[in-house]
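Source file entry13.csv; content: CSV, C-alpha atoms.
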chain,number,residue,atom,x,y,z
D,96,MET,CA,100.3,100.7,102.9
D,97,ALA,CA,102.1,103.6,104.6
D,98,PRO,CA,100.2,105.3,107.4
D,99,VAL,CA,99.7,109.1,107.4
D,100,SER,CA,101.3,111.1,110.2
D,101,LEU,CA,99.0,113.4,112.2
D,102,ASP,CA,101.4,116.2,111.3
D,103,ALA,CA,100.6,115.9,107.6
D,104,ILE,CA,96.8,116.0,108.4
D,105,ILE,CA,97.3,119.1,110.6
D,106,LYS,CA,99.1,120.8,107.7
D,107,GLU,CA,96.6,119.7,105.0
D,108,PHE,CA,93.5,120.9,106.9
D,109,GLU,CA,95.2,123.8,108.7
D,110,LEU,CA,94.0,122.6,112.1
D,111,GLU,CA,94.6,124.7,115.1
D,112,LYS,CA,96.4,123.0,118.0
D,113,ILE,CA,94.6,123.5,121.3
D,114,THR,CA,96.9,121.2,123.1
D,115,ASP,CA,100.3,120.1,121.6
D,116,PHE,CA,102.7,117.5,123.0
D,117,ALA,CA,105.2,117.8,120.1
D,118,ASN,CA,104.3,114.2,119.2
D,119,SER,CA,102.1,114.8,116.1
D,120,GLN,CA,105.0,113.5,113.9
D,121,ASP,CA,104.8,110.1,115.7
D,122,ILE,CA,101.1,109.7,115.8
D,123,GLN,CA,100.2,107.6,112.7
D,124,ILE,CA,96.7,107.2,111.2
D,125,SER,CA,96.2,104.0,109.3
D,126,VAL,CA,92.4,103.8,108.9
D,127,ALA,CA,90.5,105.9,106.4
D,128,ASP,CA,87.5,106.6,108.7
D,129,VAL,CA,86.6,108.9,111.6
D,130,THR,CA,84.2,108.5,114.5
D,131,ARG,CA,81.8,110.9,116.1
D,132,PRO,CA,81.9,109.4,119.6
D,133,GLY,CA,78.3,110.1,120.6
D,134,LEU,CA,77.5,106.5,121.8
D,135,GLN,CA,80.9,106.3,123.4
D,136,LEU,CA,80.3,109.5,125.5
D,137,ALA,CA,77.0,107.9,126.5
D,138,GLY,CA,79.0,104.9,127.8
D,139,TYR,CA,78.7,102.3,125.0
D,140,PHE,CA,82.1,101.0,123.8
D,141,ASP,CA,81.3,97.8,121.9
D,142,HIS,CA,82.8,97.8,118.3
D,143,PHE,CA,84.7,101.0,119.1
D,144,GLY,CA,87.6,101.6,116.8
D,145,PRO,CA,90.2,103.5,119.0
D,146,ASP,CA,92.6,103.9,116.1
D,147,ARG,CA,90.3,106.5,114.4
D,148,ILE,CA,90.3,110.2,114.6
D,149,GLN,CA,87.5,111.4,116.9
D,150,VAL,CA,85.4,114.3,115.9
D,151,LEU,CA,83.3,116.4,118.3
D,152,GLY,CA,80.6,118.5,116.6
D,153,ASN,CA,77.5,120.5,117.7
D,154,MET,CA,75.7,117.5,119.1
D,155,GLU,CA,78.5,116.0,121.1
D,156,THR,CA,79.5,119.4,122.5
D,157,ALA,CA,75.9,120.1,123.5
D,158,PHE,CA,75.7,116.7,125.2
D,159,LEU,CA,78.9,117.3,127.2
D,160,ASP,CA,77.8,120.8,128.2
D,161,ARG,CA,74.7,119.4,129.8
D,162,LEU,CA,76.7,117.1,132.1
D,163,SER,CA,78.1,118.0,135.5
D,164,PRO,CA,81.9,118.7,135.5
D,165,GLU,CA,82.7,115.4,137.3
D,166,ASP,CA,80.5,113.4,135.0
D,167,ARG,CA,82.0,115.2,131.9
D,168,TYR,CA,85.5,114.4,133.1
D,169,GLN,CA,84.7,110.7,133.7
D,170,ARG,CA,83.2,110.2,130.3
D,171,LEU,CA,85.9,112.0,128.4
D,172,ASP,CA,88.5,110.1,130.4
D,173,ALA,CA,86.9,106.8,129.4
D,174,LEU,CA,87.2,107.9,125.7
D,175,PHE,CA,90.8,109.1,126.0
D,176,GLU,CA,91.8,105.9,127.9
D,177,LYS,CA,91.2,103.9,124.8
D,178,GLY,CA,94.3,105.4,123.2
D,179,ILE,CA,92.6,107.5,120.4
D,180,PRO,CA,95.1,109.2,118.1
D,181,CYS,CA,93.6,112.7,118.5
D,182,LEU,CA,90.4,114.6,118.9
D,183,VAL,CA,89.1,117.3,116.6
D,184,LEU,CA,86.6,120.0,117.5
D,185,THR,CA,84.6,121.4,114.6
D,186,ARG,CA,82.8,124.8,114.2
D,187,ASN,CA,85.5,126.4,116.4
D,188,HIS,CA,83.9,125.0,119.6
D,189,ASP,CA,85.7,125.8,122.8
D,190,ALA,CA,87.5,123.0,124.6
D,191,SER,CA,86.1,122.5,128.1
D,192,LYS,CA,88.4,122.4,131.1
D,193,GLU,CA,87.8,118.7,131.6
D,194,LEU,CA,88.6,118.0,127.9
D,195,ILE,CA,92.0,119.8,128.2
D,196,GLU,CA,92.7,117.9,131.5
D,197,CYS,CA,92.1,114.5,129.8
D,198,SER,CA,94.2,115.5,126.8
D,199,GLN,CA,97.1,116.4,129.1
D,200,ARG,CA,96.7,113.3,131.2
D,201,TYR,CA,97.0,111.0,128.2
D,202,ARG,CA,99.2,113.3,126.0
D,203,ILE,CA,96.6,113.1,123.2
D,204,PRO,CA,96.4,116.3,121.2
D,205,ILE,CA,93.2,118.3,120.7
D,206,LEU,CA,92.8,120.1,117.4
D,207,ARG,CA,90.2,122.5,116.1
D,208,THR,CA,88.8,123.6,112.8
D,209,GLU,CA,86.2,126.2,111.8
D,210,ASP,CA,84.6,123.8,109.3
D,211,THR,CA,81.2,122.2,110.0
D,212,THR,CA,81.3,118.6,111.1
D,213,ALA,CA,79.9,117.1,107.9
D,214,THR,CA,82.3,119.1,105.7
D,215,PHE,CA,85.3,118.2,107.8
D,216,ILE,CA,84.4,114.5,108.0
D,217,SER,CA,83.8,114.1,104.2
D,218,SER,CA,87.0,115.9,103.3
D,219,ILE,CA,89.2,114.1,105.7
D,220,VAL,CA,87.8,110.7,104.8
D,221,LYS,CA,88.4,111.5,101.1
D,222,TYR,CA,92.0,112.7,101.9
D,223,LEU,CA,92.7,109.6,104.0
D,224,ASN,CA,91.3,107.3,101.3
D,225,VAL,CA,93.7,108.8,98.8
D,226,GLU,CA,96.7,108.7,101.1
D,227,LEU,CA,96.1,105.2,102.5
D,228,ALA,CA,95.2,103.6,99.1
D,229,PRO,CA,97.2,100.7,97.8
D,230,LYS,CA,99.9,102.0,95.6
D,231,THR,CA,102.6,101.0,93.2
D,232,SER,CA,105.1,102.7,91.0
D,233,LEU,CA,105.3,102.0,87.3
D,234,HIS,CA,107.9,102.8,84.7
D,235,GLY,CA,106.0,104.9,82.3
D,236,VAL,CA,104.6,108.3,81.4
D,237,LEU,CA,101.3,109.8,82.5
D,238,ILE,CA,99.8,112.5,80.3
D,239,GLU,CA,96.3,114.1,80.0
D,240,VAL,CA,95.0,114.3,76.5
D,241,TYR,CA,91.6,115.8,75.9
D,242,GLY,CA,90.7,115.3,79.5
D,243,GLU,CA,91.6,111.6,79.5
D,244,GLY,CA,94.5,110.4,81.7
D,245,ILE,CA,96.7,108.2,79.5
D,246,LEU,CA,99.4,106.0,80.9
D,247,ILE,CA,102.1,105.1,78.3
D,248,LEU,CA,104.1,102.0,79.2
D,249,GLY,CA,107.0,100.4,77.4
D,250,GLU,CA,110.6,99.3,77.6
D,251,SER,CA,113.4,101.9,78.1
D,252,GLY,CA,114.3,103.7,74.9
D,253,VAL,CA,111.1,102.9,73.1
D,254,GLY,CA,110.2,106.6,72.9
D,255,LYS,CA,107.8,107.3,75.8
D,256,SER,CA,109.3,110.6,76.9
D,257,GLU,CA,109.7,111.8,73.3
D,258,THR,CA,106.0,111.1,72.7
D,259,ALA,CA,105.0,112.9,75.9
D,260,LEU,CA,107.0,116.0,74.9
D,261,GLU,CA,105.3,116.2,71.5
D,262,VAL,CA,101.9,115.6,73.1
D,263,VAL,CA,102.6,118.5,75.5
D,264,LYS,CA,103.7,120.7,72.5
D,265,ARG,CA,100.3,120.0,71.0
D,266,GLY,CA,98.6,121.6,74.0
D,267,HIS,CA,98.0,118.6,76.4
D,268,ARG,CA,99.5,118.1,79.8
D,269,LEU,CA,102.2,116.1,81.5
D,270,ILE,CA,101.7,114.6,84.9
D,271,ALA,CA,104.7,112.3,85.3
D,272,ASP,CA,107.7,111.1,83.3
D,273,ASP,CA,109.7,107.9,83.9
D,274,LEU,CA,108.2,107.0,87.2
D,275,VAL,CA,104.5,107.2,87.9
D,276,GLU,CA,103.1,106.6,91.4
D,277,ILE,CA,99.7,105.0,91.1
D,278,ARG,CA,97.1,104.7,93.9
D,279,ARG,CA,93.9,102.8,93.9
D,280,VAL,CA,91.6,105.4,95.4
D,281,SER,CA,88.4,103.3,94.9
D,282,ASP,CA,87.4,100.0,93.4
D,283,LYS,CA,87.2,101.7,90.0
D,284,THR,CA,89.6,104.6,90.1
D,285,LEU,CA,93.4,104.8,89.8
D,286,LEU,CA,95.1,108.0,90.5
D,287,GLY,CA,98.6,108.8,89.2
D,288,ARG,CA,101.1,111.4,90.1
D,289,ALA,CA,104.9,112.0,90.0
D,290,PRO,CA,107.2,111.6,93.0
D,291,GLU,CA,107.9,115.1,94.2
D,292,ILE,CA,111.6,115.1,93.5
D,293,ILE,CA,111.1,114.6,89.8
D,294,ARG,CA,107.8,116.3,89.3
D,295,HIS,CA,107.3,117.8,85.8
D,296,LEU,CA,110.8,116.9,84.7
D,297,ILE,CA,111.4,114.9,81.5
D,298,GLU,CA,114.5,113.2,80.3
D,299,ILE,CA,115.2,113.2,76.6
D,300,ARG,CA,118.2,111.2,75.5
D,301,GLY,CA,120.8,113.4,73.9
D,302,VAL,CA,119.4,116.6,75.4
D,303,GLY,CA,119.2,115.8,79.1
D,304,ILE,CA,116.8,116.8,81.8
D,305,LEU,CA,114.1,119.4,80.9
D,306,ASP,CA,111.7,121.1,83.2
D,307,VAL,CA,108.4,121.1,81.3
D,308,LYS,CA,106.7,123.6,83.6
D,309,GLU,CA,109.5,126.1,83.2
D,310,LEU,CA,109.8,125.6,79.4
D,311,TYR,CA,106.1,125.4,78.4
D,312,GLY,CA,104.3,127.0,81.4
D,313,VAL,CA,101.8,126.0,84.0
D,314,SER,CA,99.2,125.1,81.4
D,315,SER,CA,101.3,122.3,80.2
D,316,VAL,CA,101.4,120.4,83.4
D,317,LYS,CA,99.1,118.9,86.0
D,318,MET,CA,99.6,117.6,89.5
D,319,GLN,CA,97.6,114.4,89.3
D,320,GLU,CA,95.1,112.6,87.0
D,321,ASN,CA,93.1,109.4,86.9
D,322,VAL,CA,94.4,106.6,84.8
D,323,ASN,CA,91.6,106.1,82.3
D,324,PHE,CA,93.5,104.4,79.4
D,325,VAL,CA,96.8,102.6,78.9
D,326,ILE,CA,98.9,102.6,75.8
D,327,ASN,CA,101.6,100.0,75.6
D,328,LEU,CA,104.4,100.9,73.2
D,329,GLU,CA,106.6,98.1,71.9
D,330,LEU,CA,109.1,97.7,69.2
D,331,TRP,CA,107.6,96.4,66.0
D,332,ASP,CA,107.7,92.6,66.0
D,333,GLU,CA,107.5,91.0,62.5
D,334,ASN,CA,106.1,87.8,64.0
D,335,LYS,CA,103.3,89.4,65.9
D,336,THR,CA,99.9,90.4,64.5
D,337,TYR,CA,98.6,93.8,65.6
D,338,GLU,CA,95.0,94.9,66.0
D,339,ARG,CA,93.7,96.3,62.7
D,340,LEU,CA,90.0,96.9,63.4
D,341,GLY,CA,89.8,97.9,67.0
D,342,VAL,CA,86.9,95.5,67.8
D,343,GLN,CA,88.8,93.5,70.4
D,344,GLU,CA,88.8,94.9,74.0
D,345,GLU,CA,92.3,94.7,75.5
D,346,THR,CA,92.9,95.6,79.1
D,347,THR,CA,96.0,96.0,81.3
D,348,GLU,CA,95.8,95.2,85.0
D,349,ILE,CA,97.0,97.7,87.5
D,350,LEU,CA,96.5,97.1,91.3
D,351,GLY,CA,93.6,94.7,90.5
D,352,ILE,CA,91.8,97.1,88.2
D,353,ASN,CA,91.5,96.3,84.5
D,354,VAL,CA,92.2,99.4,82.6
D,355,PRO,CA,91.2,99.6,78.8
D,356,SER,CA,94.4,99.5,76.8
D,357,ILE,CA,95.9,99.3,73.3
D,358,THR,CA,99.3,98.1,72.1
D,359,ILE,CA,101.0,100.3,69.6
D,360,PRO,CA,104.0,99.0,67.6
D,361,VAL,CA,106.8,101.5,67.3
D,362,ARG,CA,108.7,101.8,64.0
D,363,PRO,CA,110.7,104.7,62.7
D,364,GLY,CA,108.5,107.1,60.8
D,365,ARG,CA,105.4,106.6,62.9
D,366,ASN,CA,104.2,109.8,64.4
D,367,LEU,CA,103.4,108.5,67.9
D,368,ALA,CA,102.1,111.8,69.3
D,369,ILE,CA,99.3,111.9,66.8
D,370,ILE,CA,98.5,108.3,67.3
D,371,VAL,CA,98.3,108.8,71.1
D,372,GLU,CA,96.0,111.8,70.5
D,373,VAL,CA,93.7,110.0,68.1
D,374,ALA,CA,93.6,107.0,70.5
D,375,ALA,CA,92.5,109.3,73.2
D,376,ILE,CA,89.6,110.8,71.1
D,377,ASN,CA,88.6,107.3,69.9
D,378,PHE,CA,88.6,106.1,73.5
D,379,ARG,CA,86.3,109.0,74.5
D,380,GLN,CA,84.0,108.2,71.5
D,381,LYS,CA,83.8,104.6,72.6
D,382,GLN,CA,82.9,105.7,76.1
D,383,MET,CA,80.1,107.8,74.6
D,384,GLY,CA,78.8,104.8,72.8
D,385,TYR,CA,80.1,105.0,69.2
D,386,ASN,CA,82.5,102.4,68.0
D,387,ALA,CA,83.8,103.0,64.5
D,388,ALA,CA,84.9,99.4,64.0
D,389,LYS,CA,81.4,98.1,65.0
D,390,ALA,CA,79.8,100.7,62.6
D,391,LEU,CA,82.0,99.4,59.8
D,392,THR,CA,81.0,95.8,60.6
D,393,ASP,CA,77.4,96.7,60.6
D,394,ARG,CA,77.8,98.5,57.2
D,395,VAL,CA,79.6,95.5,55.6
D,396,PHE,CA,77.4,92.8,56.9
D,397,GLY,CA,74.2,94.8,57.0
D,398,SER,CA,74.5,95.6,53.2
D,399,ALA,CA,75.5,91.9,52.5
D,400,ILE,CA,72.2,90.7,54.0
D,401,GLN,CA,70.2,93.3,52.1
D,402,SER,CA,71.5,92.5,48.6
P,180,MET,CA,114.1,86.6,88.9
P,181,VAL,CA,117.1,87.2,91.1
P,182,SER,CA,117.6,89.8,93.8
P,183,LYS,CA,120.2,91.0,96.2
P,184,THR,CA,120.4,93.8,98.9
P,185,VAL,CA,123.5,96.0,98.9
P,186,LEU,CA,124.8,99.0,100.7
P,187,PHE,CA,125.3,102.0,98.5
P,188,ASN,CA,128.7,103.4,99.1
P,189,CYS,CA,129.6,106.6,97.3
P,190,ASP,CA,131.4,109.8,98.0
P,191,GLU,CA,128.7,112.6,98.4
P,192,ALA,CA,130.0,114.8,95.7
P,193,LEU,CA,130.0,112.1,93.1
P,194,GLN,CA,126.5,110.9,93.5
P,195,MET,CA,125.0,112.5,90.4
P,196,LYS,CA,127.7,111.1,88.2
P,197,ALA,CA,127.4,107.7,90.0
P,198,VAL,CA,123.7,107.5,89.1
P,199,ALA,CA,124.4,108.5,85.5
P,200,VAL,CA,126.9,105.8,85.1
P,201,LEU,CA,124.6,103.3,86.8
P,202,ILE,CA,121.9,104.0,84.2
P,203,GLN,CA,124.4,103.5,81.4
P,204,LYS,CA,125.5,100.2,82.9
P,205,ALA,CA,121.9,99.0,83.5
P,206,SER,CA,121.0,99.9,79.9
P,207,THR,CA,123.5,97.5,78.5
P,208,PHE,CA,121.5,94.5,79.8
P,209,ARG,CA,118.4,93.1,78.3
P,210,SER,CA,116.9,92.1,81.7
P,211,SER,CA,114.5,94.5,83.5
P,212,ILE,CA,116.4,95.7,86.5
P,213,TRP,CA,114.6,97.4,89.5
P,214,LEU,CA,116.0,99.2,92.5
P,215,TYR,CA,114.1,99.2,95.8
P,216,SER,CA,114.7,101.8,98.5
P,217,GLY,CA,112.3,101.7,101.4
P,218,GLU,CA,108.8,101.3,99.9
P,219,ARG,CA,109.7,103.0,96.6
P,220,ARG,CA,111.0,101.3,93.6
P,221,ALA,CA,112.4,102.5,90.2
P,222,ASN,CA,113.6,101.1,86.9
P,223,ALA,CA,117.4,101.1,87.0
P,224,LYS,CA,117.4,102.1,83.3
P,225,SER,CA,115.5,105.4,83.9
P,226,LEU,CA,117.5,108.4,85.1
P,227,LEU,CA,114.6,110.3,86.6
P,228,GLY,CA,113.2,107.1,88.3
P,229,VAL,CA,116.5,106.4,90.1
P,230,MET,CA,116.9,110.1,91.0
P,231,SER,CA,113.4,110.0,92.6
P,232,LEU,CA,114.5,107.3,95.0
P,233,GLY,CA,116.7,110.0,96.7
P,234,ILE,CA,119.6,107.5,97.1
P,235,GLU,CA,122.0,108.6,99.8
P,236,ASN,CA,125.4,107.4,100.9
P,237,ALA,CA,125.3,104.3,103.1
P,238,LYS,CA,121.7,103.4,102.3
P,239,ASP,CA,120.4,99.9,101.8
P,240,LEU,CA,119.2,99.1,98.3
P,241,LYS,CA,117.5,96.0,97.0
P,242,VAL,CA,118.3,95.2,93.3
P,243,THR,CA,116.3,92.7,91.3
P,244,ALA,CA,116.8,91.5,87.8
P,245,GLU,CA,114.6,89.5,85.5
P,246,GLY,CA,115.4,88.4,82.0
P,247,THR,CA,117.8,86.4,79.8
P,248,ASP,CA,121.0,87.9,81.4
P,249,GLU,CA,119.7,88.4,84.9
P,250,GLU,CA,122.6,86.8,86.8
P,251,ASP,CA,125.1,88.8,84.9
P,252,ALA,CA,123.1,92.0,85.3
P,253,LEU,CA,122.6,91.6,89.1
P,254,LYS,CA,126.3,90.8,89.6
P,255,THR,CA,127.4,93.9,87.7
P,256,ILE,CA,124.9,96.3,89.2
P,257,ALA,CA,125.3,95.1,92.8
P,258,ALA,CA,129.1,95.2,92.5
P,259,TYR,CA,128.9,98.8,91.1
P,260,LEU,CA,126.6,100.0,93.8
P,261,GLU,CA,128.9,98.8,96.5
P,262,LYS,CA,132.0,100.3,94.9
P,263,PRO,CA,131.2,102.8,92.2
P,264,GLU,CA,134.1,103.3,89.8
P,265,PHE,CA,134.0,105.6,86.7

Could you quickly redo this structure as structure tokens?
Amino acid sequence: MAPVSLDAIIKEFELEKITDFANSQDIQISVADVTRPGLQLAGYFDHFGPDRIQVLGNMETAFLDRLSPEDRYQRLDALFEKGIPCLVLTRNHDASKELIECSQRYRIPILRTEDTTATFISSIVKYLNVELAPKTSLHGVLIEVYGEGILILGESGVGKSETALEVVKRGHRLIADDLVEIRRVSDKTLLGRAPEIIRHLIEIRGVGILDVKELYGVSSVKMQENVNFVINLELWDENKTYERLGVQEETTEILGINVPSITIPVRPGRNLAIIVEVAAINFRQKQMGYNAAKALTDRVFGSAIQS
Amino acid sequence: MVSKTVLFNCDEALQMKAVAVLIQKASTFRSSIWLYSGERRANAKSLLGVMSLGIENAKDLKVTAEGTDEEDALKTIAAYLEKPEF
């Protein structure tokens, strides 16, 4: 798990720097949580997590305003002394003289946003959860077909990129080719995106590197997408039996999450793009509660019982 | 699975070509070969993947190989990264 630098957070949330010690690149955040230090300002420090971003909103500011300057300095000093990464003022509150003194004494930056405290906290926790999530990179292609994020995995040269290109041509979107960075953003959700250097590029053997966004336009690409479904492409193996009905539930494990998956055997003459497309629709239909294979089973065995 | 850490050593101007030849070399083996640079990793048989690592001259790279010809693959790829010739 790589920590996030304060610099990245300042850029992402367009925070205003009230005090700046040119150290925001070195301050690293590694917990996806923030603290409103109400109890801490009142003097209670048990269970305090000093590695979290501290947020001062209406309530904390009003509390500090009520104190005498000496008292205010003392309480803020106790908070800064713990080695907090930074302090954020919401709703464009002004920083008191004592706050700035403490900041300078410990070289801890004070930042400011015009957002309300609740909005700021929920968006920064969401951002940190994504950035700090466990991640891995897989060799595959991530596309979005009818709103479903589909990850195509398979050996080199099995035809992943070619399939992606045709799927894009049919009006769906490419997220990543060749290398997909996947993060586990919650216990149920995987988020995939491309490394920035190769974003929206695709390599087709014999043609070379293509820029899908330049060739097919913005509507053919997407920055990131959840991984809802996995398609494993493999060369047709005569000795293996492949799923014919689609009753069995197959899953592929990624970062500890079991993602529904299917295995498609590749043979010259099979139109993979249309198979991927229909697999996506079929997956959606199953999610909505209809399973064609089950319906067929019911029809066959249902009628057998009747006659 | 076998692995080895090597120092990539290549003249700046030749890097694109060096990567292209690396992919060709890796693709001749049946084993799955991965390159690690910092916390990123990429399949050595995928051009875009290797490009995304942003390999620079004099950078440490870990190579791993797994499969029927892993020893051979690791030896060839590691030797090539240390002294690219094409």

Which chain P residues are at most 8 Å from chain D (counting all atoms listed in the file), as number ranges by chain?
P: 219-222, 224-228, 230-231, 233

Would you mind telling me which residue in P:Ala223, P:Met180, P:Leu201, P:Leu232 lies nearest to Glu245 of chain P when using only C-alpha atoms?
P:Met180

Separation of atom CA of Thr243 of chain P from atom CA of Tyr215 of chain P in Å
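We find that atom CA of Tyr215 of chain P and atom CA of Thr243 of chain P lie 8.2 Å from each other.
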
Atomic separation - atom CA of Ile256 of chain P relative to atom CA of Leu305 of chain D, Å:
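Here the two named atoms are 26.8 Å from each other.
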
Computed interatomic separation between atom CA of Leu186 of chain P and atom CA of Asp239 of chain P (Å)
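Computing it gives 4.6 Å between the two atoms.
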
Excluding Pro355 of chain D and residues on its chain fewer than 4 positions from it, collect all residues at most 7 Å away from it, counting only C-alpha atoms, and give them as a list in words.
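My list of contacting residues is Phe324, Val325, Glu345, Thr346 and Thr347 of chain D.
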
I'd like to know which of D:Pro360, D:Ile104, D:Asp166, D:Leu171 is closest to Gln135 of chain D, using only C-alpha atoms.
D:Leu171
